Amino acid sequence: MSELNNIALKILEKGKGILAADESTGTMTTRLEGVNVPSTPQNRLLFREILFSSSSMRECIGGVILYDETIKQESSKKNKIPELISEMGSAPGIKVDIGAKVLAGSPDEKITEGLDGLRDRLKEYFQLGAKFTKWRGVYNITKNYPSQLSIQSNAHALARYSALVQECNMVPIVEPEVLMEGEHSAKECFEKTSEVIKKCFDELILHKVDLKGIILKPNMILSGNKSKEKISGEEVAKLTLKCLKNSVPTEVPGIAFLSGGQSELEATENLNLINKHNDTNFVMSYSYGRALQQSALKFWSKNTQNIVGTQKVFNHRARMNTLAAQGRWSKDFES
Ligand code: 13P
């Protein structure tokens, strides 16, 4: 088995998932100011260090995605953040794209940038201890979108990124996110997501990426957040599995979903149902940002010195999702 395949499988072993703590400074500022905490480098680190030193890191969190600022920061005990994460038995990872920008030729859509100079940045992150990386492409659904231009150009960027990351001996997380925003139906989400993922794999294969050494991070199949249609969790699971079975090559070892604006409970419940019905060989776990952090952040903001209390809230969410990643979660465990 290849080294990259081992890393990917270890990150997602035994119901473990990924903590996405790679919010850019802009996004983190929105999150912190949303709970009335000033967004300083110290506060951003303080909250994140509380999560990274929680006990659930050992049983539940196989990998943590960091942002450039965090991977270079030191913990309160003066060790580097990637060292802290490794000591907790988890793998440090790093977001390497520099964000989604207006797509020339289709200005209502986005193209993710960050390929220029990427090879050198990857070498630096590898030296800092990163074992895996993340790059996110975004697609919006309307009557005319995502366009072929957006589907092709984002797939191309994801593939060039992945090839560079594997060359540097790290596992690329390939994240094509079809956004939940909009009035579209789940059927439209299913169709567009299938097309987007298939195109990504065409490009990954063209760029000679070893599919055994990647993790796919897709959205679940949901109806748009402004749609009148409401579908059940069972339906979400059925459509999500159907989409992935049809569009993901069997060599891919693991799939880790993003939460994408679902509530914490929805993200857990849907992941649980996906795993209950999982008739594929893919490990299906989580790579959540908001759905792992929301309650912990809210709790922490009320008293930023209450480390133990904040960790308790985070540990609960991590444990619930790790049960869901094995199809063993029940609503009764929430109370
Ligand atoms: P959410 O789970 O909040 O969607 O974040 C995951 C992520 O990493 C988005 O790139």
# chains A, B, ... in the order shown; residues from 1 in each chain; ligands from 1

call {"tool": "residues_near_ligand", "arguments": {"ligand": "ligand 1", "cutoff": "6 Å", "atoms": "only C-alpha atoms and all ligand atoms", "output": "PyMOL selection string"}}
result
chain A and resi 20+136+258-261+288-291

call {"tool": "select_by_dssp", "arguments": {"residues": "segment 114-299 of chain A", "states": "alpha helix (DSSP H)", "output": "short mmCIF file (atom, residue, chain, number, x, y, z; two decimals) with N, CA, C and O atoms, in the first residue's frame"}}
result
data_model
loop_
_atom_site.label_atom_id
_atom_site.label_comp_id
_atom_site.auth_asym_id
_atom_site.auth_seq_id
_atom_site.Cartn_x
_atom_site.Cartn_y
_atom_site.Cartn_z
N LEU A 118 2.93 27.52 -5.89
CA LEU A 118 2.41 26.51 -4.94
C LEU A 118 3.48 25.47 -4.57
O LEU A 118 3.58 25.07 -3.41
N ARG A 119 4.29 25.04 -5.57
CA ARG A 119 5.29 24.00 -5.27
C ARG A 119 6.19 24.41 -4.10
O ARG A 119 6.45 23.62 -3.19
N ASP A 120 6.62 25.66 -4.10
CA ASP A 120 7.52 26.13 -3.02
C ASP A 120 6.78 26.25 -1.69
O ASP A 120 7.32 25.92 -0.63
N ARG A 121 5.53 26.72 -1.73
CA ARG A 121 4.75 26.83 -0.49
C ARG A 121 4.52 25.44 0.10
O ARG A 121 4.54 25.25 1.32
N LEU A 122 4.29 24.45 -0.77
CA LEU A 122 4.05 23.09 -0.28
C LEU A 122 5.27 22.55 0.45
O LEU A 122 5.15 21.89 1.49
N LYS A 123 6.45 22.85 -0.12
CA LYS A 123 7.69 22.37 0.53
C LYS A 123 7.79 22.96 1.93
O LYS A 123 8.16 22.27 2.89
N GLU A 124 7.43 24.22 2.06
CA GLU A 124 7.50 24.88 3.38
C GLU A 124 6.50 24.22 4.35
O GLU A 124 6.85 23.90 5.49
N TYR A 125 5.27 23.99 3.89
CA TYR A 125 4.26 23.39 4.77
C TYR A 125 4.67 21.97 5.18
O TYR A 125 4.44 21.54 6.30
N PHE A 126 5.28 21.24 4.23
CA PHE A 126 5.73 19.89 4.54
C PHE A 126 6.78 19.94 5.66
O PHE A 126 6.73 19.16 6.62
N GLN A 127 7.70 20.89 5.53
CA GLN A 127 8.73 21.07 6.57
C GLN A 127 8.11 21.41 7.93
O GLN A 127 8.61 21.03 8.98
N GLN A 148 -20.21 25.35 -17.90
CA GLN A 148 -19.13 24.44 -18.29
C GLN A 148 -17.78 25.07 -17.99
O GLN A 148 -16.83 24.39 -17.61
N LEU A 149 -17.71 26.40 -18.16
CA LEU A 149 -16.44 27.10 -17.88
C LEU A 149 -16.03 26.92 -16.42
O LEU A 149 -14.88 26.62 -16.12
N SER A 150 -16.99 27.11 -15.53
CA SER A 150 -16.68 26.96 -14.11
C SER A 150 -16.36 25.50 -13.76
O SER A 150 -15.42 25.20 -13.01
N ILE A 151 -17.11 24.57 -14.31
CA ILE A 151 -16.89 23.15 -14.01
C ILE A 151 -15.50 22.71 -14.49
O ILE A 151 -14.75 22.06 -13.78
N GLN A 152 -15.16 23.17 -15.72
CA GLN A 152 -13.87 22.74 -16.28
C GLN A 152 -12.69 23.43 -15.61
O GLN A 152 -11.68 22.80 -15.32
N SER A 153 -12.82 24.74 -15.41
CA SER A 153 -11.64 25.46 -14.89
C SER A 153 -11.37 25.08 -13.43
O SER A 153 -10.21 24.92 -13.04
N ASN A 154 -12.40 24.89 -12.63
CA ASN A 154 -12.16 24.47 -11.24
C ASN A 154 -11.62 23.04 -11.16
O ASN A 154 -10.77 22.75 -10.32
N ALA A 155 -12.11 22.17 -12.04
CA ALA A 155 -11.60 20.78 -12.04
C ALA A 155 -10.12 20.78 -12.42
O ALA A 155 -9.31 20.06 -11.83
N HIS A 156 -9.78 21.61 -13.39
CA HIS A 156 -8.39 21.71 -13.84
C HIS A 156 -7.49 22.19 -12.69
O HIS A 156 -6.43 21.62 -12.44
N ALA A 157 -7.95 23.22 -11.99
CA ALA A 157 -7.15 23.75 -10.87
C ALA A 157 -7.02 22.70 -9.76
O ALA A 157 -5.93 22.51 -9.21
N LEU A 158 -8.12 22.01 -9.43
CA LEU A 158 -8.06 20.97 -8.38
C LEU A 158 -7.08 19.86 -8.76
O LEU A 158 -6.38 19.32 -7.90
N ALA A 159 -7.03 19.53 -10.05
CA ALA A 159 -6.12 18.47 -10.49
C ALA A 159 -4.67 18.93 -10.48
O ALA A 159 -3.78 18.19 -10.04
N ARG A 160 -4.41 20.15 -10.93
CA ARG A 160 -3.02 20.64 -10.91
C ARG A 160 -2.53 20.75 -9.46
O ARG A 160 -1.41 20.40 -9.15
N TYR A 161 -3.40 21.22 -8.60
CA TYR A 161 -3.08 21.29 -7.16
C TYR A 161 -2.76 19.90 -6.61
O TYR A 161 -1.75 19.68 -5.95
N SER A 162 -3.62 18.93 -6.91
CA SER A 162 -3.46 17.58 -6.35
C SER A 162 -2.14 16.95 -6.80
O SER A 162 -1.45 16.30 -6.02
N ALA A 163 -1.80 17.14 -8.08
CA ALA A 163 -0.57 16.55 -8.60
C ALA A 163 0.63 17.16 -7.88
O ALA A 163 1.57 16.44 -7.50
N LEU A 164 0.62 18.46 -7.65
CA LEU A 164 1.73 19.11 -6.94
C LEU A 164 1.83 18.63 -5.50
O LEU A 164 2.91 18.41 -4.98
N VAL A 165 0.69 18.44 -4.86
CA VAL A 165 0.68 18.00 -3.45
C VAL A 165 1.24 16.58 -3.33
O VAL A 165 2.06 16.30 -2.44
N GLN A 166 0.83 15.70 -4.22
CA GLN A 166 1.35 14.32 -4.14
C GLN A 166 2.83 14.28 -4.45
O GLN A 166 3.58 13.50 -3.84
N GLU A 167 3.27 15.14 -5.36
CA GLU A 167 4.71 15.23 -5.67
C GLU A 167 5.49 15.57 -4.40
O GLU A 167 6.63 15.18 -4.21
N ALA A 186 -33.39 19.18 -4.74
CA ALA A 186 -32.35 18.18 -4.46
C ALA A 186 -31.97 17.46 -5.76
O ALA A 186 -30.80 17.09 -5.94
N LYS A 187 -32.94 17.31 -6.65
CA LYS A 187 -32.65 16.64 -7.93
C LYS A 187 -31.62 17.44 -8.72
O LYS A 187 -30.67 16.89 -9.28
N GLU A 188 -31.81 18.77 -8.72
CA GLU A 188 -30.82 19.61 -9.42
C GLU A 188 -29.46 19.53 -8.75
O GLU A 188 -28.41 19.50 -9.41
N CYS A 189 -29.46 19.53 -7.42
CA CYS A 189 -28.19 19.40 -6.68
C CYS A 189 -27.51 18.07 -7.05
O CYS A 189 -26.30 18.02 -7.29
N PHE A 190 -28.31 17.02 -7.12
CA PHE A 190 -27.79 15.70 -7.50
C PHE A 190 -27.14 15.75 -8.88
O PHE A 190 -26.01 15.30 -9.08
N GLU A 191 -27.86 16.35 -9.84
CA GLU A 191 -27.35 16.36 -11.22
C GLU A 191 -26.08 17.18 -11.34
O GLU A 191 -25.10 16.78 -11.95
N LYS A 192 -26.11 18.39 -10.74
CA LYS A 192 -24.95 19.29 -10.87
C LYS A 192 -23.74 18.73 -10.11
O LYS A 192 -22.61 18.78 -10.59
N THR A 193 -24.00 18.20 -8.91
CA THR A 193 -22.88 17.66 -8.12
C THR A 193 -22.25 16.47 -8.85
O THR A 193 -21.02 16.33 -8.90
N SER A 194 -23.09 15.62 -9.44
CA SER A 194 -22.56 14.46 -10.18
C SER A 194 -21.67 14.94 -11.32
O SER A 194 -20.57 14.42 -11.53
N GLU A 195 -22.14 15.95 -12.05
CA GLU A 195 -21.36 16.45 -13.19
C GLU A 195 -20.03 17.06 -12.74
O GLU A 195 -18.97 16.82 -13.32
N VAL A 196 -20.11 17.84 -11.66
CA VAL A 196 -18.91 18.49 -11.11
C VAL A 196 -17.88 17.44 -10.67
O VAL A 196 -16.69 17.53 -10.98
N ILE A 197 -18.33 16.44 -9.93
CA ILE A 197 -17.39 15.43 -9.40
C ILE A 197 -16.78 14.60 -10.54
O ILE A 197 -15.58 14.33 -10.57
N LYS A 198 -17.63 14.23 -11.50
CA LYS A 198 -17.10 13.44 -12.63
C LYS A 198 -16.01 14.21 -13.36
O LYS A 198 -14.97 13.66 -13.70
N LYS A 199 -16.24 15.50 -13.57
CA LYS A 199 -15.24 16.32 -14.27
C LYS A 199 -13.95 16.39 -13.45
O LYS A 199 -12.85 16.34 -14.00
N CYS A 200 -14.08 16.50 -12.14
CA CYS A 200 -12.88 16.54 -11.30
C CYS A 200 -12.06 15.27 -11.50
O CYS A 200 -10.84 15.33 -11.65
N PHE A 201 -12.73 14.11 -11.52
CA PHE A 201 -11.97 12.87 -11.68
C PHE A 201 -11.37 12.73 -13.07
O PHE A 201 -10.26 12.21 -13.23
N ASP A 202 -12.08 13.23 -14.10
CA ASP A 202 -11.47 13.22 -15.45
C ASP A 202 -10.13 13.95 -15.41
O ASP A 202 -9.13 13.49 -15.94
N GLU A 203 -10.14 15.11 -14.77
CA GLU A 203 -8.91 15.93 -14.73
C GLU A 203 -7.85 15.31 -13.82
O GLU A 203 -6.66 15.36 -14.13
N LEU A 204 -8.26 14.76 -12.69
CA LEU A 204 -7.30 14.13 -11.78
C LEU A 204 -6.58 12.98 -12.51
O LEU A 204 -5.36 12.82 -12.40
N ILE A 205 -7.34 12.22 -13.28
CA ILE A 205 -6.74 11.09 -14.01
C ILE A 205 -5.79 11.62 -15.09
O ILE A 205 -4.67 11.14 -15.23
N LEU A 206 -6.23 12.66 -15.79
CA LEU A 206 -5.38 13.28 -16.83
C LEU A 206 -4.05 13.78 -16.24
O LEU A 206 -3.01 13.69 -16.87
N GLY A 233 -34.01 13.15 5.78
CA GLY A 233 -32.63 12.67 5.92
C GLY A 233 -32.41 11.38 5.13
O GLY A 233 -31.34 11.18 4.55
N GLU A 234 -33.42 10.52 5.13
CA GLU A 234 -33.31 9.26 4.38
C GLU A 234 -33.08 9.55 2.89
O GLU A 234 -32.28 8.90 2.23
N GLU A 235 -33.82 10.56 2.41
CA GLU A 235 -33.70 10.95 0.99
C GLU A 235 -32.32 11.56 0.70
O GLU A 235 -31.70 11.28 -0.32
N VAL A 236 -31.84 12.38 1.64
CA VAL A 236 -30.49 12.97 1.50
C VAL A 236 -29.46 11.84 1.37
O VAL A 236 -28.60 11.85 0.48
N ALA A 237 -29.58 10.86 2.26
CA ALA A 237 -28.61 9.76 2.26
C ALA A 237 -28.69 8.97 0.96
O ALA A 237 -27.66 8.65 0.35
N LYS A 238 -29.91 8.70 0.52
CA LYS A 238 -30.10 7.89 -0.69
C LYS A 238 -29.48 8.60 -1.91
O LYS A 238 -28.72 8.02 -2.68
N LEU A 239 -29.80 9.89 -2.05
CA LEU A 239 -29.31 10.65 -3.20
C LEU A 239 -27.79 10.85 -3.14
O LEU A 239 -27.10 10.78 -4.16
N THR A 240 -27.28 11.10 -1.92
CA THR A 240 -25.84 11.32 -1.78
C THR A 240 -25.07 10.05 -2.16
O THR A 240 -24.09 10.10 -2.90
N LEU A 241 -25.55 8.90 -1.67
CA LEU A 241 -24.88 7.64 -1.99
C LEU A 241 -24.95 7.34 -3.48
O LEU A 241 -23.97 6.92 -4.09
N LYS A 242 -26.12 7.61 -4.06
CA LYS A 242 -26.28 7.34 -5.50
C LYS A 242 -25.31 8.20 -6.31
O LYS A 242 -24.65 7.73 -7.24
N CYS A 243 -25.22 9.47 -5.94
CA CYS A 243 -24.34 10.40 -6.63
C CYS A 243 -22.89 9.93 -6.56
O CYS A 243 -22.17 9.87 -7.56
N LEU A 244 -22.45 9.56 -5.36
CA LEU A 244 -21.03 9.20 -5.18
C LEU A 244 -20.71 7.85 -5.85
O LEU A 244 -19.65 7.67 -6.42
N LYS A 245 -21.68 6.93 -5.80
CA LYS A 245 -21.46 5.63 -6.44
C LYS A 245 -21.27 5.80 -7.94
O LYS A 245 -20.48 5.12 -8.56
N ASN A 246 -22.01 6.76 -8.51
CA ASN A 246 -21.95 6.96 -9.97
C ASN A 246 -20.76 7.81 -10.39
O ASN A 246 -20.42 7.82 -11.56
N SER A 247 -20.18 8.57 -9.50
CA SER A 247 -19.19 9.54 -10.00
C SER A 247 -17.80 9.41 -9.40
O SER A 247 -16.87 10.08 -9.86
N GLU A 264 -25.69 21.81 13.19
CA GLU A 264 -24.87 20.73 13.75
C GLU A 264 -25.63 19.40 13.75
O GLU A 264 -25.09 18.36 13.39
N LEU A 265 -26.89 19.48 14.15
CA LEU A 265 -27.69 18.26 14.26
C LEU A 265 -27.96 17.63 12.89
O LEU A 265 -27.85 16.41 12.72
N GLU A 266 -28.32 18.48 11.93
CA GLU A 266 -28.58 17.97 10.57
C GLU A 266 -27.34 17.27 10.01
O GLU A 266 -27.43 16.19 9.41
N ALA A 267 -26.18 17.92 10.20
CA ALA A 267 -24.94 17.37 9.64
C ALA A 267 -24.63 16.01 10.25
O ALA A 267 -24.16 15.09 9.57
N THR A 268 -24.92 15.85 11.53
CA THR A 268 -24.68 14.56 12.20
C THR A 268 -25.70 13.52 11.75
O THR A 268 -25.36 12.39 11.42
N GLU A 269 -26.96 13.93 11.75
CA GLU A 269 -28.04 13.00 11.39
C GLU A 269 -27.88 12.48 9.96
O GLU A 269 -28.00 11.28 9.69
N ASN A 270 -27.56 13.40 9.04
CA ASN A 270 -27.41 12.98 7.64
C ASN A 270 -26.20 12.06 7.46
O ASN A 270 -26.27 11.08 6.73
N LEU A 271 -25.11 12.39 8.15
CA LEU A 271 -23.92 11.53 8.05
C LEU A 271 -24.23 10.13 8.59
O LEU A 271 -23.81 9.11 8.03
N ASN A 272 -24.99 10.07 9.67
CA ASN A 272 -25.36 8.79 10.26
C ASN A 272 -26.18 7.95 9.27
O ASN A 272 -25.92 6.76 9.08
N LEU A 273 -27.15 8.60 8.62
CA LEU A 273 -28.00 7.86 7.67
C LEU A 273 -27.20 7.41 6.46
O LEU A 273 -27.39 6.30 5.95
N ILE A 274 -26.28 8.26 6.00
CA ILE A 274 -25.42 7.86 4.87
C ILE A 274 -24.65 6.59 5.26
O ILE A 274 -24.57 5.64 4.48
N ASN A 275 -24.13 6.55 6.48
CA ASN A 275 -23.37 5.37 6.89
C ASN A 275 -24.23 4.15 7.15
O ASN A 275 -23.81 3.03 6.91
N LYS A 276 -25.43 4.38 7.62
CA LYS A 276 -26.33 3.24 7.83
C LYS A 276 -26.62 2.53 6.50
O LYS A 276 -26.79 1.33 6.45
N ARG A 290 -18.08 24.51 10.50
CA ARG A 290 -19.14 25.07 11.35
C ARG A 290 -19.85 24.01 12.18
O ARG A 290 -20.15 24.22 13.36
N ALA A 291 -20.13 22.85 11.60
CA ALA A 291 -20.91 21.83 12.31
C ALA A 291 -20.13 21.16 13.46
O ALA A 291 -20.70 20.40 14.22
N LEU A 292 -18.83 21.47 13.57
CA LEU A 292 -18.07 20.98 14.73
C LEU A 292 -17.79 22.09 15.73
O LEU A 292 -17.50 21.82 16.89
N GLN A 293 -17.83 23.33 15.24
CA GLN A 293 -17.33 24.43 16.08
C GLN A 293 -18.38 25.37 16.64
O GLN A 293 -18.11 26.09 17.61
N GLN A 294 -19.56 25.41 15.98
CA GLN A 294 -20.55 26.45 16.31
C GLN A 294 -20.90 26.54 17.80
O GLN A 294 -20.78 27.61 18.40
N SER A 295 -21.30 25.42 18.38
CA SER A 295 -21.72 25.45 19.79
C SER A 295 -20.55 25.78 20.70
O SER A 295 -20.69 26.51 21.68
N ALA A 296 -19.38 25.22 20.38
CA ALA A 296 -18.18 25.46 21.20
C ALA A 296 -17.82 26.94 21.16
O ALA A 296 -17.49 27.55 22.19
N LEU A 297 -17.91 27.55 19.99
CA LEU A 297 -17.57 28.97 19.85
C LEU A 297 -18.54 29.85 20.64
O LEU A 297 -18.13 30.79 21.34
N LYS A 298 -19.81 29.49 20.56
CA LYS A 298 -20.84 30.25 21.28
C LYS A 298 -20.59 30.16 22.79
O LYS A 298 -20.63 31.17 23.51
N PHE A 299 -20.33 28.96 23.25
CA PHE A 299 -20.06 28.75 24.68
C PHE A 299 -18.83 29.52 25.12
O PHE A 299 -18.84 30.25 26.12
#

call {"tool": "select_by_dssp", "arguments": {"residues": "segment 43-195 of chain A", "states": "strand (DSSP E or B)", "output": "PyMOL selection string"}}
result
chain A and resi 61-66+74+80+91-95+100-103+106-112+132-139+171-178

call {"tool": "residues_around", "arguments": {"residues": "Gly129 of chain A", "least_positions_apart": "3", "cutoff": "10 Å", "atoms": "only C-alpha atoms", "output": "PyMOL selection string"}}
result
chain A and resi 71+80-83+85-86+91-94+124-126+132

call {"tool": "write_last_selection", "arguments": {"atoms": "C-alpha atoms", "output": "PDB file, in the first residue's frame"}}
result
ATOM      1  CA  ILE A  71       0.416  26.516  11.249  1.00  0.00           C
ATOM      2  CA  LYS A  80       4.402  24.607  17.290  1.00  0.00           C
ATOM      3  CA  ILE A  81       0.731  24.009  16.499  1.00  0.00           C
ATOM      4  CA  PRO A  82       1.460  21.077  14.112  1.00  0.00           C
ATOM      5  CA  GLU A  83       3.446  19.461  16.959  1.00  0.00           C
ATOM      6  CA  ILE A  85      -1.801  18.231  16.843  1.00  0.00           C
ATOM      7  CA  SER A  86       0.620  15.339  16.230  1.00  0.00           C
ATOM      8  CA  ALA A  91      -2.476  14.688  11.526  1.00  0.00           C
ATOM      9  CA  PRO A  92      -1.862  18.371  10.773  1.00  0.00           C
ATOM     10  CA  GLY A  93      -3.100  19.592   7.393  1.00  0.00           C
ATOM     11  CA  ILE A  94      -3.115  22.937   5.636  1.00  0.00           C
ATOM     12  CA  GLU A 124       7.499  24.876   3.377  1.00  0.00           C
ATOM     13  CA  TYR A 125       4.263  23.387   4.770  1.00  0.00           C
ATOM     14  CA  PHE A 126       5.731  19.888   4.542  1.00  0.00           C
ATOM     15  CA  PHE A 132      -2.259  16.645   3.968  1.00  0.00           C
TER      16      PHE A 132
END

call {"tool": "closest_residue", "arguments": {"among": "A:Ala324, A:Cys168, A:Val178, A:Ile215", "to": "Gly63 of chain A", "atoms": "only C-alpha atoms"}}
result
A:Ile215

call {"tool": "residues_around", "arguments": {"residues": "Ile7 of chain A", "least_positions_apart": "5", "cutoff": "8 Å", "atoms": "only C-alpha atoms", "output": "tab-separated table (two decimals) with N, CA, C and O atoms, in the first residue's frame"}}
result
chain	number	residue	atom	x	y	z
A	131	LYS	N	0.75	16.90	6.76
A	131	LYS	CA	0.65	15.57	6.14
A	131	LYS	C	-0.36	15.57	5.00
A	131	LYS	O	-0.39	14.67	4.18
A	171	VAL	N	-1.17	14.24	1.18
A	171	VAL	CA	-2.47	13.79	0.65
A	171	VAL	C	-3.33	15.02	0.32
A	171	VAL	O	-3.62	15.82	1.21
A	213	GLY	N	-4.45	7.96	-3.10
A	213	GLY	CA	-3.80	8.86	-2.15
A	213	GLY	C	-4.47	10.22	-2.09
A	213	GLY	O	-3.80	11.25	-1.94

call {"tool": "closest_residue", "arguments": {"among": "A:Ser56, A:Asn169, A:Ser335, A:Thr250", "to": "Ile18 of chain A", "atoms": "only C-alpha atoms"}}
result
A:Ser56

call {"tool": "residues_around", "arguments": {"residues": "Glu183 of chain A", "least_positions_apart": "4", "cutoff": "7 Å", "atoms": "only C-alpha atoms", "output": "PyMOL selection string"}}
result
chain A and resi 224-227

call {"tool": "closest_residue", "arguments": {"among": "A:Lys72, A:Lys10, A:Lys217, A:Lys230", "to": "Val248 of chain A", "atoms": "only C-alpha atoms"}}
result
A:Lys217

call {"tool": "atom_distance", "arguments": {"atom1": "atom CA of Lys208 of chain A", "atom2": "atom CA of Tyr145 of chain A"}}
result
28.3 Å

call {"tool": "closest_residue", "arguments": {"among": "A:Met320, A:Val252, A:Leu45, A:Leu115", "to": "Glu74 of chain A", "atoms": "only C-alpha atoms"}}
result
A:Leu45

call {"tool": "residues_around", "arguments": {"residues": "Thr310 of chain A", "least_positions_apart": "2", "cutoff": "8 Å", "atoms": "only C-alpha atoms", "output": "short mmCIF file (atom, residue, chain, number, x, y, z; two decimals) with N, CA, C and O atoms, in the first residue's frame"}}
result
data_model
loop_
_atom_site.label_atom_id
_atom_site.label_comp_id
_atom_site.auth_asym_id
_atom_site.auth_seq_id
_atom_site.Cartn_x
_atom_site.Cartn_y
_atom_site.Cartn_z
N ILE A 50 -7.70 25.60 22.17
CA ILE A 50 -8.63 24.90 23.07
C ILE A 50 -9.18 23.64 22.37
O ILE A 50 -9.21 22.55 22.93
N ALA A 296 -19.38 25.22 20.38
CA ALA A 296 -18.18 25.46 21.20
C ALA A 296 -17.82 26.94 21.16
O ALA A 296 -17.49 27.55 22.19
N LEU A 297 -17.91 27.55 19.99
CA LEU A 297 -17.57 28.97 19.85
C LEU A 297 -18.54 29.85 20.64
O LEU A 297 -18.13 30.79 21.34
N PHE A 299 -20.33 28.96 23.25
CA PHE A 299 -20.06 28.75 24.68
C PHE A 299 -18.83 29.52 25.12
O PHE A 299 -18.84 30.25 26.12
N TRP A 300 -17.76 29.40 24.35
CA TRP A 300 -16.47 30.03 24.69
C TRP A 300 -16.61 31.55 24.75
O TRP A 300 -16.02 32.20 25.62
N ASN A 306 -12.98 29.89 30.12
CA ASN A 306 -13.55 28.56 30.44
C ASN A 306 -13.13 27.51 29.41
O ASN A 306 -13.90 27.12 28.53
N ILE A 307 -11.92 27.06 29.58
CA ILE A 307 -11.35 26.11 28.62
C ILE A 307 -12.00 24.74 28.75
O ILE A 307 -12.43 24.14 27.75
N VAL A 308 -12.13 24.25 29.98
CA VAL A 308 -12.69 22.91 30.20
C VAL A 308 -14.13 22.82 29.69
O VAL A 308 -14.51 21.86 29.01
N LYS A 312 -15.62 20.55 26.61
CA LYS A 312 -16.71 19.59 26.82
C LYS A 312 -17.73 19.69 25.66
O LYS A 312 -18.19 18.67 25.14
N VAL A 313 -18.04 20.93 25.29
CA VAL A 313 -19.00 21.14 24.20
C VAL A 313 -18.43 20.59 22.89
O VAL A 313 -19.11 19.88 22.13
N PHE A 314 -17.17 20.89 22.63
CA PHE A 314 -16.53 20.40 21.40
C PHE A 314 -16.43 18.87 21.40
O PHE A 314 -16.74 18.22 20.39
#
